[in-house]
Every structure is written in structure tokens, then in C-alpha cells.
Amino acid sequence: MDTAEALRSSLARLHTTALGIGRIRKNLSLDTADVVAWCREKIESSGAEITRNGKNWYIAVDGCVITVNAYSFTIITAHKKKG
């Protein structure tokens, strides 16, 4: 199973902490009630570029980068793509 498929097959396990929710909302200027669902939709989208580096997955999509821990499926942070 390739990296992208490994993450997509486990999206039901995707979660974050209360601090993570606040950090993601602030970094991306989001006005959504369910940050995890928003991230899940972005990861599922056809334009998502998923790479794995060490213990984290990095998902580049729609001008942002979402960082997910590969073992716990915790969304660590998301930020606007630089450059």
C-alpha cells in the first residue's frame, strides 16, 4: 500500500486536540465548527499531494499544508503554503 492510500484508508481515525483545533483555525483563518471534518475533506480531495517524511504525513492541498502524525493519526497543525 502506498503512502497516500495508507493515510486515506485510515481517515476514520483522524483526530486532533483542543489546542490543535485552535492552532489550525488561527493559521488558516478558518471559520468552521468541525476542523477535523474540514481536514478530512481536504485529504480526500483529488488534488491532495500526500508525502511521508519520518513520523509525519504532509498533505499539500488548496494552498495549505496539513501535518498528520503517521502513528496516532493526530492532526498536528496546518498552515498556509509558503511561496
# chains A, B, ... in the order shown; residues from 1 in each chain; ligands from 1
call {"tool": "residues_around", "arguments": {"residues": "Arg40 in chain A", "least_positions_apart": "6", "cutoff": "10 Å", "atoms": "only C-alpha atoms", "output": "VMD selection string"}}
result
chain A and resid 8 11 to 12 14 to 15 75
call {"tool": "residues_around", "arguments": {"residues": "Cys39 in chain A", "least_positions_apart": "5", "cutoff": "12 Å", "atoms": "only C-alpha atoms", "output": "NGL selection string"}}
result
:A and (8 or 11-12 or 14-16 or 20-21 or 24-25 or 28 or 30 or 32-34 or 44-45 or 48 or 58-62 or 64-68 or 73-79)
call {"tool": "select_by_dssp", "arguments": {"residues": "chain A", "states": "alpha helix (DSSP H)", "output": "list in words"}}
result
Thr3, Ala4, Glu5, Ala6, Leu7, Arg8, Ala18, Leu19, Gly20, Ile21, Gly22, Arg23, Ile24, Arg25, Lys26, Asn27, Leu28, Val35, Val36, Ala37, Trp38, Cys39, Arg40, Glu41, Lys42, Ile43 and Glu44 of chain A
call {"tool": "closest_residue", "arguments": {"among": "A:Ala37, A:Ala70, A:Ala4, A:Ile43", "to": "Lys55 in chain A", "atoms": "only C-alpha atoms"}}
result
A:Ala70
call {"tool": "closest_residue", "arguments": {"among": "A:Lys42, A:Leu7, A:Val35, A:Gly54", "to": "Leu19 in chain A", "atoms": "only C-alpha atoms"}}
result
A:Val35
call {"tool": "decode", "arguments": {"residues": "range 40-54 of chain A", "atoms": "N, CA and C atoms", "output": "PDB file, in the first residue's frame"}}
result
ATOM      1  N   ARG A  40     -10.270  16.320   6.840  1.00  0.00           N
ATOM      2  CA  ARG A  40     -10.576  15.039   6.210  1.00  0.00           C
ATOM      3  C   ARG A  40     -11.010  15.257   4.751  1.00  0.00           C
ATOM      4  N   GLU A  41     -11.866  16.241   4.524  1.00  0.00           N
ATOM      5  CA  GLU A  41     -12.309  16.551   3.161  1.00  0.00           C
ATOM      6  C   GLU A  41     -11.139  16.954   2.272  1.00  0.00           C
ATOM      7  N   LYS A  42     -10.236  17.756   2.811  1.00  0.00           N
ATOM      8  CA  LYS A  42      -9.071  18.197   2.038  1.00  0.00           C
ATOM      9  C   LYS A  42      -8.180  17.006   1.688  1.00  0.00           C
ATOM     10  N   ILE A  43      -7.964  16.110   2.633  1.00  0.00           N
ATOM     11  CA  ILE A  43      -7.114  14.940   2.409  1.00  0.00           C
ATOM     12  C   ILE A  43      -7.744  14.016   1.369  1.00  0.00           C
ATOM     13  N   GLU A  44      -9.065  13.894   1.387  1.00  0.00           N
ATOM     14  CA  GLU A  44      -9.772  13.032   0.435  1.00  0.00           C
ATOM     15  C   GLU A  44      -9.820  13.614  -0.975  1.00  0.00           C
ATOM     16  N   SER A  45      -9.615  14.914  -1.106  1.00  0.00           N
ATOM     17  CA  SER A  45      -9.765  15.553  -2.419  1.00  0.00           C
ATOM     18  C   SER A  45      -8.720  15.042  -3.407  1.00  0.00           C
ATOM     19  N   SER A  46      -9.090  15.083  -4.669  1.00  0.00           N
ATOM     20  CA  SER A  46      -8.214  14.534  -5.709  1.00  0.00           C
ATOM     21  C   SER A  46      -6.937  15.337  -5.900  1.00  0.00           C
ATOM     22  N   GLY A  47      -6.936  16.608  -5.502  1.00  0.00           N
ATOM     23  CA  GLY A  47      -5.752  17.445  -5.681  1.00  0.00           C
ATOM     24  C   GLY A  47      -4.746  17.362  -4.546  1.00  0.00           C
ATOM     25  N   ALA A  48      -5.019  16.549  -3.540  1.00  0.00           N
ATOM     26  CA  ALA A  48      -4.129  16.455  -2.384  1.00  0.00           C
ATOM     27  C   ALA A  48      -2.842  15.705  -2.729  1.00  0.00           C
ATOM     28  N   GLU A  49      -1.703  16.317  -2.423  1.00  0.00           N
ATOM     29  CA  GLU A  49      -0.399  15.683  -2.607  1.00  0.00           C
ATOM     30  C   GLU A  49       0.078  15.208  -1.234  1.00  0.00           C
ATOM     31  N   ILE A  50       0.132  13.893  -1.050  1.00  0.00           N
ATOM     32  CA  ILE A  50       0.460  13.317   0.249  1.00  0.00           C
ATOM     33  C   ILE A  50       1.868  12.739   0.208  1.00  0.00           C
ATOM     34  N   THR A  51       2.696  13.173   1.151  1.00  0.00           N
ATOM     35  CA  THR A  51       4.044  12.627   1.288  1.00  0.00           C
ATOM     36  C   THR A  51       4.261  12.257   2.746  1.00  0.00           C
ATOM     37  N   ARG A  52       5.182  11.363   2.972  1.00  0.00           N
ATOM     38  CA  ARG A  52       5.529  10.990   4.337  1.00  0.00           C
ATOM     39  C   ARG A  52       7.012  11.225   4.538  1.00  0.00           C
ATOM     40  N   ASN A  53       7.329  11.894   5.626  1.00  0.00           N
ATOM     41  CA  ASN A  53       8.711  12.159   5.986  1.00  0.00           C
ATOM     42  C   ASN A  53       8.860  11.804   7.463  1.00  0.00           C
ATOM     43  N   GLY A  54       9.523  10.697   7.742  1.00  0.00           N
ATOM     44  CA  GLY A  54       9.680  10.258   9.128  1.00  0.00           C
ATOM     45  C   GLY A  54       8.356   9.861   9.733  1.00  0.00           C
TER      46      GLY A  54
END
